[in-house]
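Containing CSV, C-alpha atoms: coords_18.csv.
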chain,number,residue,atom,x,y,z
J,1,MET,CA,-30.3,-5.4,42.9
J,2,SER,CA,-32.2,-3.6,40.2
J,3,LEU,CA,-31.2,-3.9,36.6
J,4,PHE,CA,-30.4,-0.2,36.6
J,5,LEU,CA,-28.1,-0.5,39.6
J,6,PHE,CA,-26.4,-3.5,38.0
J,7,MET,CA,-25.7,-1.6,34.8
J,8,LEU,CA,-24.5,1.4,36.7
J,9,LEU,CA,-22.1,-0.8,38.6
J,10,VAL,CA,-20.8,-2.4,35.4
J,11,SER,CA,-20.3,1.0,33.9
J,12,ILE,CA,-18.2,2.1,36.9
J,13,LEU,CA,-16.1,-1.0,36.9
J,14,ASN,CA,-15.7,-1.1,33.2
J,15,PRO,CA,-15.7,2.5,32.0
J,16,VAL,CA,-16.1,3.1,28.3
J,17,VAL,CA,-13.2,5.1,26.9
J,18,SER,CA,-14.4,7.6,24.3
J,19,HIS,CA,-12.1,8.2,21.4
J,20,LYS,CA,-12.8,11.0,19.1
J,21,SER,CA,-12.2,10.5,15.5
J,22,CYS,CA,-9.2,12.2,14.0
J,23,ASP,CA,-9.8,15.1,11.7
J,24,PHE,CA,-7.1,14.5,9.1
J,25,PRO,CA,-7.4,17.3,6.5
J,26,ALA,CA,-5.1,15.6,4.1
J,27,VAL,CA,-3.4,12.3,3.3
J,28,PHE,CA,0.2,12.1,2.1
J,29,ASN,CA,1.2,8.7,0.7
J,30,LEU,CA,4.5,7.1,-0.2
J,31,GLY,CA,4.8,3.6,-1.7
J,32,ASP,CA,4.7,1.3,-4.7
J,33,SER,CA,2.0,0.0,-7.1
J,34,ASN,CA,-0.2,-1.1,-4.3
J,35,SER,CA,-1.0,2.5,-3.7
J,36,ASP,CA,0.0,4.2,-7.0
J,37,THR,CA,-2.8,6.4,-8.3
J,38,GLY,CA,-1.0,7.7,-11.4
J,39,GLY,CA,2.7,8.2,-10.7
J,40,TYR,CA,4.0,5.4,-12.9
J,41,ALA,CA,1.5,6.3,-15.6
J,42,SER,CA,2.7,9.9,-15.6
J,43,ALA,CA,6.4,9.0,-15.8
J,44,PHE,CA,6.3,5.9,-18.0
J,45,THR,CA,3.4,4.0,-19.5
J,46,THR,CA,-0.3,4.0,-18.7
J,47,PRO,CA,-2.2,0.8,-17.8
J,48,THR,CA,-4.8,0.2,-20.5
J,49,SER,CA,-8.3,-1.4,-20.4
J,50,PRO,CA,-9.4,-3.6,-18.7
J,51,TYR,CA,-7.5,-1.8,-15.9
J,52,GLY,CA,-10.0,0.4,-14.0
J,53,ASP,CA,-13.1,-1.0,-15.7
J,54,THR,CA,-14.9,-2.3,-12.6
J,55,TYR,CA,-15.2,1.1,-10.8
J,56,PHE,CA,-14.0,3.8,-13.1
J,57,HIS,CA,-15.3,2.2,-16.4
J,58,MET,CA,-12.0,3.2,-18.0
J,59,PRO,CA,-8.3,3.0,-17.3
J,60,ALA,CA,-7.7,5.1,-14.1
J,61,ARG,CA,-3.8,5.0,-13.9
J,62,ARG,CA,-4.1,2.3,-11.2
J,63,PHE,CA,-2.9,-1.3,-11.3
J,64,SER,CA,-6.2,-2.8,-10.5
J,65,ASP,CA,-9.7,-3.1,-12.0
J,66,GLY,CA,-10.8,-0.3,-9.7
J,67,ARG,CA,-10.0,1.4,-6.4
J,68,LEU,CA,-7.0,0.7,-4.2
J,69,ILE,CA,-6.7,0.7,-0.5
J,70,ILE,CA,-5.4,4.3,-0.5
J,71,ASP,CA,-8.6,5.3,-2.3
J,72,PHE,CA,-10.7,3.7,0.4
J,73,ILE,CA,-8.6,5.5,3.1
J,74,ALA,CA,-9.2,8.9,1.4
J,75,GLU,CA,-12.9,8.1,1.1
J,76,ALA,CA,-13.1,7.2,4.8
J,77,PHE,CA,-12.1,10.8,5.7
J,78,GLY,CA,-14.4,12.3,3.2
J,79,LEU,CA,-11.5,13.3,1.0
J,80,PRO,CA,-11.3,13.1,-2.8
J,81,PHE,CA,-9.0,10.5,-4.3
J,82,ILE,CA,-5.3,11.6,-3.9
J,83,ASN,CA,-3.6,12.8,-7.1
J,84,ALA,CA,-0.1,11.6,-8.0
J,85,TYR,CA,2.7,14.1,-7.5
J,86,LEU,CA,4.0,13.3,-11.0
J,87,ASP,CA,0.6,14.0,-12.7
J,88,SER,CA,0.8,17.5,-14.2
J,89,VAL,CA,-2.7,17.6,-15.7
J,90,GLY,CA,-5.8,18.5,-13.7
J,91,THR,CA,-4.3,17.8,-10.3
J,92,ASN,CA,-5.5,19.2,-7.0
J,93,PHE,CA,-3.2,18.7,-4.0
J,94,SER,CA,-5.2,20.6,-1.4
J,95,HIS,CA,-6.3,17.4,0.3
J,96,GLY,CA,-3.1,15.5,0.0
J,97,ILE,CA,-0.6,14.1,-2.5
J,98,ASN,CA,0.6,10.6,-3.6
J,99,PHE,CA,4.3,10.0,-4.2
J,100,ALA,CA,3.9,6.3,-4.8
J,101,THR,CA,4.9,4.8,-8.1
J,102,ALA,CA,4.7,1.2,-9.4
J,103,ALA,CA,7.9,-0.8,-9.2
J,104,SER,CA,9.3,1.4,-6.4
J,105,THR,CA,11.6,0.0,-3.7
J,106,ILE,CA,12.8,1.3,-0.4
J,107,ARG,CA,16.5,1.1,-1.3
J,108,LEU,CA,17.9,2.5,-4.5
J,109,PRO,CA,17.4,-0.4,-7.0
J,110,ILE,CA,20.2,-1.9,-9.1
J,111,SER,CA,17.9,-2.5,-12.1
J,112,VAL,CA,16.2,0.8,-13.1
J,113,ILE,CA,13.8,1.7,-15.9
J,114,PRO,CA,14.3,2.0,-18.8
J,115,ASN,CA,17.2,-0.5,-18.8
J,116,GLY,CA,15.8,-2.4,-15.9
J,117,VAL,CA,12.5,-3.2,-14.3
J,118,PHE,CA,12.3,-1.1,-11.1
J,119,SER,CA,11.3,2.5,-10.7
J,120,PRO,CA,13.9,5.2,-10.2
J,121,PHE,CA,11.4,6.8,-7.7
J,122,TYR,CA,12.5,4.7,-4.7
J,123,LEU,CA,11.6,5.8,-1.2
J,124,GLY,CA,14.5,8.2,-0.8
J,125,PHE,CA,13.5,9.9,-4.0
J,126,GLN,CA,9.9,10.1,-2.9
J,127,TYR,CA,11.1,11.8,0.3
J,128,SER,CA,13.0,14.3,-1.7
J,129,GLN,CA,9.9,15.0,-3.8
J,130,PHE,CA,7.9,15.6,-0.6
J,131,GLU,CA,10.6,17.9,0.8
J,132,GLN,CA,10.5,20.0,-2.4
J,133,PHE,CA,6.7,19.9,-2.5
J,134,LYS,CA,6.3,21.2,1.0
J,135,VAL,CA,8.5,24.3,0.2
J,136,ARG,CA,7.1,25.0,-3.3
J,137,SER,CA,3.5,24.5,-2.4
J,138,GLN,CA,3.7,27.2,0.3
J,139,MET,CA,5.4,29.5,-2.2
J,140,ILE,CA,2.5,29.1,-4.6
J,141,ARG,CA,0.0,29.7,-1.8
J,142,LYS,CA,1.5,33.1,-1.2
J,143,GLN,CA,1.3,34.1,-4.9
J,144,GLY,CA,-2.5,34.6,-5.1
J,145,GLY,CA,-4.8,33.7,-7.9
J,146,LEU,CA,-6.3,30.3,-8.6
J,147,LEU,CA,-3.3,28.1,-7.8
J,148,PRO,CA,-3.1,28.5,-4.0
J,149,GLY,CA,-6.5,26.7,-3.7
J,150,LEU,CA,-4.9,23.6,-5.3
J,151,MET,CA,-2.2,23.4,-2.6
J,152,PRO,CA,-2.4,22.2,1.0
J,153,LYS,CA,-2.4,24.8,3.8
J,154,GLU,CA,0.8,25.0,5.8
J,155,GLU,CA,-0.8,23.5,8.9
J,156,TYR,CA,-1.9,20.4,7.0
J,157,PHE,CA,1.6,19.1,7.0
J,158,SER,CA,1.5,18.5,10.7
J,159,LYS,CA,-2.1,17.4,10.8
J,160,ALA,CA,-2.2,15.0,7.9
J,161,LEU,CA,-2.1,11.3,7.9
J,162,TYR,CA,1.1,9.9,6.3
J,163,THR,CA,0.6,6.4,4.8
J,164,PHE,CA,3.2,3.9,3.6
J,165,ASP,CA,2.9,0.7,1.6
J,166,ILE,CA,6.3,-0.3,0.2
J,167,GLY,CA,8.7,-3.2,0.5
J,168,GLN,CA,7.4,-6.0,-1.8
J,169,ASN,CA,9.6,-4.9,-4.7
J,170,ASP,CA,12.7,-5.0,-2.4
J,171,LEU,CA,12.1,-8.7,-1.9
J,172,ALA,CA,11.3,-9.2,-5.6
J,173,GLU,CA,14.6,-7.5,-6.5
J,174,GLY,CA,16.3,-10.2,-4.5
J,175,PHE,CA,14.3,-13.2,-5.7
J,176,PHE,CA,14.3,-12.6,-9.4
J,177,PRO,CA,18.1,-12.3,-9.9
J,178,ASN,CA,17.9,-15.7,-8.1
J,179,LEU,CA,19.5,-14.8,-4.8
J,180,THR,CA,19.0,-17.5,-2.2
J,181,ILE,CA,16.4,-17.2,0.5
J,182,GLN,CA,19.2,-16.7,3.0
J,183,GLU,CA,20.7,-13.9,0.9
J,184,VAL,CA,17.4,-12.0,0.6
J,185,ASN,CA,16.9,-12.4,4.3
J,186,ALA,CA,20.4,-11.0,5.0
J,187,SER,CA,19.4,-7.8,3.0
J,188,ILE,CA,16.3,-7.1,5.1
J,189,PRO,CA,17.9,-5.3,8.1
J,190,ASP,CA,19.5,-2.8,5.7
J,191,ILE,CA,16.2,-2.3,3.8
J,192,ILE,CA,14.4,-1.6,7.1
J,193,ASN,CA,17.2,0.8,8.2
J,194,LYS,CA,16.7,2.8,5.0
J,195,PHE,CA,12.9,2.8,5.7
J,196,SER,CA,13.4,4.2,9.2
J,197,GLU,CA,15.8,6.8,7.9
J,198,ASN,CA,13.1,8.1,5.6
J,199,ILE,CA,10.5,8.1,8.3
J,200,LYS,CA,12.8,10.2,10.5
J,201,ASN,CA,13.4,12.6,7.7
J,202,ILE,CA,9.7,13.0,7.1
J,203,TYR,CA,9.1,13.4,10.8
J,204,ASN,CA,11.7,16.2,10.8
J,205,LEU,CA,9.6,18.0,8.1
J,206,GLY,CA,6.6,18.1,10.5
J,207,ALA,CA,4.8,14.7,10.0
J,208,ARG,CA,3.3,13.4,13.2
J,209,PHE,CA,0.8,10.7,12.2
J,210,PHE,CA,2.1,7.6,10.5
J,211,TRP,CA,0.1,4.6,9.2
J,212,VAL,CA,2.5,1.9,8.0
J,213,HIS,CA,1.4,-1.2,6.1
J,214,ASN,CA,3.6,-4.3,6.3
J,215,THR,CA,4.2,-6.3,3.2
J,216,GLY,CA,1.8,-9.0,1.9
J,217,PRO,CA,2.3,-12.8,1.2
J,218,ILE,CA,4.4,-12.5,-1.9
J,219,GLY,CA,4.5,-16.3,-2.2
J,220,CYS,CA,0.8,-16.3,-3.0
J,221,LEU,CA,1.0,-14.1,-6.0
J,222,PRO,CA,1.0,-15.8,-9.5
J,223,TYR,CA,4.1,-13.9,-10.7
J,224,VAL,CA,6.1,-15.6,-7.9
J,225,LEU,CA,4.2,-18.9,-8.1
J,226,VAL,CA,5.0,-19.3,-11.8
J,227,ALA,CA,8.7,-18.2,-11.5
J,228,PHE,CA,9.5,-20.5,-8.6
J,229,ALA,CA,7.1,-23.4,-9.2
J,230,SER,CA,9.4,-26.0,-7.6
J,231,ALA,CA,9.4,-24.3,-4.1
J,232,GLU,CA,7.6,-25.9,-1.2
J,233,LYS,CA,4.0,-25.0,-0.9
J,234,ASP,CA,1.8,-24.5,2.1
J,235,PRO,CA,-1.8,-25.8,2.6
J,236,ALA,CA,-3.1,-22.7,0.8
J,237,GLY,CA,-1.0,-23.4,-2.3
J,238,CYS,CA,1.4,-20.5,-1.6
J,239,LEU,CA,5.2,-20.8,-1.7
J,240,LYS,CA,6.2,-21.2,1.9
J,241,PRO,CA,9.8,-20.1,1.8
J,242,TYR,CA,8.9,-16.8,0.0
J,243,ASN,CA,6.2,-16.0,2.5
J,244,GLU,CA,8.6,-16.7,5.3
J,245,VAL,CA,10.9,-14.0,3.9
J,246,ALA,CA,7.9,-11.6,3.9
J,247,GLN,CA,7.2,-12.5,7.5
J,248,TYR,CA,10.8,-11.8,8.5
J,249,PHE,CA,10.6,-8.5,6.7
J,250,ASN,CA,7.5,-7.7,8.7
J,251,LEU,CA,9.0,-8.7,12.0
J,252,LYS,CA,11.9,-6.3,11.4
J,253,LEU,CA,9.6,-3.6,10.2
J,254,GLN,CA,7.4,-3.9,13.3
J,255,GLU,CA,10.5,-3.7,15.5
J,256,SER,CA,11.6,-0.6,13.7
J,257,ILE,CA,8.2,1.1,14.2
J,258,ALA,CA,8.5,0.3,17.9
J,259,GLN,CA,11.9,2.0,18.0
J,260,LEU,CA,10.5,5.0,16.2
J,261,ARG,CA,7.7,5.2,18.6
J,262,ASN,CA,10.1,5.3,21.5
J,263,GLU,CA,12.4,7.8,19.8
J,264,PHE,CA,9.5,10.2,18.8
J,265,PRO,CA,6.9,10.0,21.6
J,266,SER,CA,5.1,13.1,20.3
J,267,ALA,CA,4.2,11.2,17.1
J,268,ALA,CA,1.7,8.4,16.5
J,269,PHE,CA,3.0,5.4,14.7
J,270,THR,CA,0.5,2.6,13.6
J,271,TYR,CA,1.9,-0.6,12.3
J,272,VAL,CA,-0.7,-2.4,10.1
J,273,ASP,CA,-0.6,-6.2,9.6
J,274,ILE,CA,-1.9,-6.2,6.1
J,275,TYR,CA,-0.1,-9.6,5.6
J,276,SER,CA,-2.5,-11.5,7.8
J,277,VAL,CA,-5.6,-10.0,6.1
J,278,LYS,CA,-4.3,-10.7,2.6
J,279,TYR,CA,-3.2,-14.3,3.5
J,280,SER,CA,-6.7,-15.0,4.8
J,281,LEU,CA,-8.0,-14.4,1.3
J,282,PHE,CA,-5.8,-17.3,0.0
J,283,ALA,CA,-6.3,-19.6,3.0
J,284,GLU,CA,-10.1,-19.2,3.4
J,285,PRO,CA,-11.6,-17.6,0.2
J,286,PRO,CA,-15.1,-19.0,0.5
J,287,LYS,CA,-15.4,-17.7,4.1
J,288,HIS,CA,-14.9,-14.2,2.7
J,289,GLY,CA,-16.9,-14.5,-0.5
J,290,PHE,CA,-14.1,-15.2,-2.9
J,291,GLU,CA,-13.0,-18.0,-5.2
J,292,LEU,CA,-9.9,-19.2,-7.2
J,293,PRO,CA,-7.6,-17.0,-5.1
J,294,LEU,CA,-4.4,-18.1,-6.8
J,295,VAL,CA,-5.7,-17.7,-10.3
J,296,THR,CA,-5.2,-14.4,-12.1
J,297,CYS,CA,-8.4,-12.6,-13.2
J,298,CYS,CA,-6.8,-10.7,-16.1
J,299,GLY,CA,-4.1,-12.9,-17.5
J,300,TYR,CA,-3.4,-15.8,-19.9
J,301,GLY,CA,-1.9,-19.2,-19.7
J,302,GLY,CA,-1.2,-22.1,-17.3
J,303,GLU,CA,-2.4,-23.2,-13.9
J,304,TYR,CA,-2.5,-19.6,-12.5
J,305,ASN,CA,-3.7,-17.9,-15.7
J,306,TYR,CA,-0.5,-15.9,-15.7
J,307,SER,CA,2.5,-15.5,-18.0
J,308,ALA,CA,5.2,-12.9,-17.8
J,309,SER,CA,5.4,-12.8,-21.6
J,310,VAL,CA,1.9,-11.4,-22.0
J,311,LEU,CA,0.2,-9.3,-19.3
J,312,CYS,CA,-3.2,-7.9,-18.6
J,313,GLY,CA,-4.4,-5.7,-21.5
J,314,GLY,CA,-1.9,-7.1,-23.9
J,315,THR,CA,-2.4,-9.4,-26.9
J,316,ILE,CA,-1.0,-12.8,-27.9
J,317,THR,CA,-1.1,-14.7,-31.1
J,318,VAL,CA,-2.2,-18.4,-30.7
J,319,ASN,CA,-2.4,-20.6,-33.8
J,320,GLY,CA,-2.5,-17.5,-36.0
J,321,THR,CA,-5.3,-15.9,-34.0
J,322,GLU,CA,-4.6,-12.7,-32.0
J,323,ILE,CA,-6.1,-13.0,-28.5
J,324,PHE,CA,-6.7,-10.0,-26.2
J,325,VAL,CA,-5.8,-10.6,-22.6
J,326,GLY,CA,-8.9,-9.4,-20.8
J,327,SER,CA,-10.7,-9.7,-17.5
J,328,CYS,CA,-12.4,-12.7,-16.0
J,329,ASP,CA,-16.2,-12.8,-16.0
J,330,ASN,CA,-16.6,-11.9,-12.3
J,331,PRO,CA,-13.9,-9.8,-10.8
J,332,PRO,CA,-15.9,-9.0,-7.6
J,333,VAL,CA,-15.3,-12.6,-6.4
J,334,ARG,CA,-11.6,-12.8,-7.4
J,335,VAL,CA,-8.6,-12.0,-5.3
J,336,VAL,CA,-5.7,-11.4,-7.8
J,337,TRP,CA,-6.2,-9.0,-10.7
J,338,ASP,CA,-3.2,-9.2,-13.0
J,339,GLY,CA,-0.9,-11.8,-11.3
J,340,ILE,CA,0.8,-9.1,-9.1
J,341,HIS,CA,-1.9,-6.8,-7.8
J,342,PHE,CA,-5.3,-7.3,-6.1
J,343,THR,CA,-8.8,-6.7,-7.4
J,344,GLU,CA,-10.9,-3.8,-6.2
J,345,ALA,CA,-13.0,-6.4,-4.3
J,346,ALA,CA,-10.0,-7.7,-2.5
J,347,ASN,CA,-8.7,-4.2,-1.8
J,348,LYS,CA,-12.1,-3.3,-0.3
J,349,PHE,CA,-12.1,-6.4,1.9
J,350,ILE,CA,-8.6,-5.6,3.1
J,351,PHE,CA,-9.5,-2.0,3.9
J,352,ASP,CA,-12.6,-3.0,5.8
J,353,GLN,CA,-10.5,-5.3,8.0
J,354,ILE,CA,-7.5,-3.1,8.7
J,355,SER,CA,-9.6,0.1,9.2
J,356,THR,CA,-11.1,-1.4,12.4
J,357,GLY,CA,-7.8,-1.5,14.2
J,358,SER,CA,-8.0,-5.3,14.7
J,359,PHE,CA,-4.8,-5.7,12.8
J,360,SER,CA,-2.9,-2.7,14.1
J,361,ASP,CA,-0.2,-2.2,16.6
J,362,PRO,CA,-1.3,-0.4,18.7
J,363,ALA,CA,-4.9,-1.6,18.2
J,364,VAL,CA,-6.4,1.7,17.0
J,365,PRO,CA,-8.9,2.1,14.2
J,366,LEU,CA,-7.9,4.1,11.1
J,367,LYS,CA,-10.0,7.1,12.2
J,368,GLN,CA,-8.2,7.2,15.5
J,369,ALA,CA,-4.7,6.9,14.1
J,370,CYS,CA,-3.7,10.3,15.6
J,371,GLN,CA,-4.1,8.8,19.1
J,372,SER,CA,-1.8,5.7,19.0

What is this file in structure tokens?
Amino acid sequence: MSLFLFMLLVSILNPVVSHKSCDFPAVFNLGDSNSDTGGYASAFTTPTSPYGDTYFHMPARRFSDGRLIIDFIAEAFGLPFINAYLDSVGTNFSHGINFATAASTIRLPISVIPNGVFSPFYLGFQYSQFEQFKVRSQMIRKQGGLLPGLMPKEEYFSKALYTFDIGQNDLAEGFFPNLTIQEVNASIPDIINKFSENIKNIYNLGARFFWVHNTGPIGCLPYVLVAFASAEKDPAGCLKPYNEVAQYFNLKLQESIAQLRNEFPSAAFTYVDIYSVKYSLFAEPPKHGFELPLVTCCGYGGEYNYSASVLCGGTITVNGTEIFVGSCDNPPVRVVWDGIHFTEAANKFIFDQISTGSFSDPAVPLKQACQS
């Protein structure tokens, strides 16, 4: 048999399925600080230098030294970075909008800023903002003048990609009042039910393409490592019980996405296992070009270079000398930026892995998320 006939036979027996890339004209994001591009800064306080220094060379209203995963998602579709809904200055929403704010939860939190630590803009509130935005943006588009060009076209709401990255703070809200692991686990089904309710509400407003990140290994982050130092550690040095709670959250989230997929067959729901990618940075850092994964790049004090009493960009007085809490020397090889959030380098690595579809259910790449 000739080589040509052999290859022809192979192509017949194993046809290559061609998947066209999705033409998402906009991205609508809901979430917490992992994807906040200015919501918290607009409502409360702005992260100061060295936040943003690696890529933007100035504070960029993000909780990292540079770009976030949501920024890389926008870039992948040739879209500008997505402005925060709460940002009233110089914003352009024609290509999407970001409702995420740092410290946000899925459920209404008990402890709310300014008297507490969590954002009042929980997921249900973000949905309400989206609902209002959809109506008001189309009213503006009908008015004429310059403003209509800053708003998304009506058809974008059914053609856009809707991204979600939220849940870490719901677990933290349980851990830090010192609830037991069992008590936090017991709260997860209700948290996931609230998430599903909001997804259904957004679907009813026309959304059809959903890209949902699960939550990361919270037990590997310095702010948890320092607070619960006596907990059992795994081989990577992460807190095993706290990561197991995150894994349980992810299990229930994946189940809920499967239920939504069955309930709304005309929509495409992609569950993204961001946990596994993030954990690989802590378990095998040299393999991926990183070092000191548990040590904060921008922090001060102790084994993990982190203290809740003085955060990145702050100052502390030691032996009469005021010390600025700045960046480490080489952020591109570090995983954790400020003890809670990831560096731009880590965010880029995570994006590169999840965008292939290798960590998705169903296993579709980001650019084919309209076909899952």

Polymer residues at most 9 Å from Gln126 (chain J), all atoms listed in the file, same-chain spacing of 5 or more positions, as a ChimeraX atom specification: /J:30-31,99-101,121,131

Between CA of Asn305 (chain J) and CA of Ser104 (chain J), measure the distance and give it in Å to one decimal.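 It comes out at 25.1 Å.
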
Closest of J:Ser187, J:Asn92, J:Asn201, J:Gln132 to Pro148 (chain J) - atom-to-atom distances counting only C-alpha atoms: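 Of the candidates, the smallest distance to Pro148 (chain J) is held by J:Asn92.
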
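As for CA of Ala74 (chain J) and CA of Thr163 (chain J), they are spaced 10.7 Å apart.
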
What does the distance from CA of Phe359 (chain J) to CA of Asn330 (chain J) come to in Å, to one decimal?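 These two atoms are separated by 28.4 Å.
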
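Nearest to Tyr279 (chain J) of all the residues J:Ile350, J:Leu79, J:Ala258, J:Val224 is J:Ile350, counting all atoms listed in the file.
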
Around region 259-278 of chain J, fit a box with edges along x, y and z, padding it by 6 Å on each side, then list its centre and edge lengths in Å to one decimal as AutoDock Vina command-line options.
--center_x 3.4 --center_y 0.8 --center_z 12.1 --size_x 30.0 --size_y 36.6 --size_z 31.0

Neighbouring residues of Val135 (chain J) were defined as those with any atom within 12 Å, considering all atoms listed in the file; residues of the same chain fewer than 2 positions away were excluded. Please report them as a ChimeraX atom specification. /J:128-133,137-142,151-154,157,205

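Proximity ranking of J:Ile316, J:Tyr203, J:Lys278, J:Cys238 relative to Phe264 (chain J) places J:Tyr203 first, based on all atoms listed in the file.
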
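Nearest to Ser64 (chain J) of all the residues J:Gly216, J:Pro286, J:Pro177, J:Gly339 is J:Gly339, counting all atoms listed in the file.
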
Tell me which of J:Thr343, J:Ser276, J:Thr270, J:Ser360 sits closest to Phe164 (chain J), counting only C-alpha atoms.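 Of the candidates, the smallest distance to Phe164 (chain J) is held by J:Thr270.
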
Closest to Pro285 (chain J) among J:Pro217, J:Ala227, J:Val333, J:Leu150, using all atoms listed in the file? J:Val333

Could you list, as a ChimeraX atom specification, every residue within 10 Å of Lys20 (chain J), counting only C-alpha atoms and ignoring same-chain residues fewer than 3 positions away? /J:17,23,367-368,370-371

Within 10 Å of (18.9, -9.4, -6.0), only C-alpha atoms: residues as a list in words?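 Counting only C-alpha atoms, I find these residues within 10 Å of (18.9, -9.4, -6.0): Pro109, Ile110, Ser111, Asp170, Leu171, Ala172, Glu173, Gly174, Phe175, Phe176, Pro177, Asn178, Leu179, Thr180, Glu183, Val184 and Ser187 of chain J.
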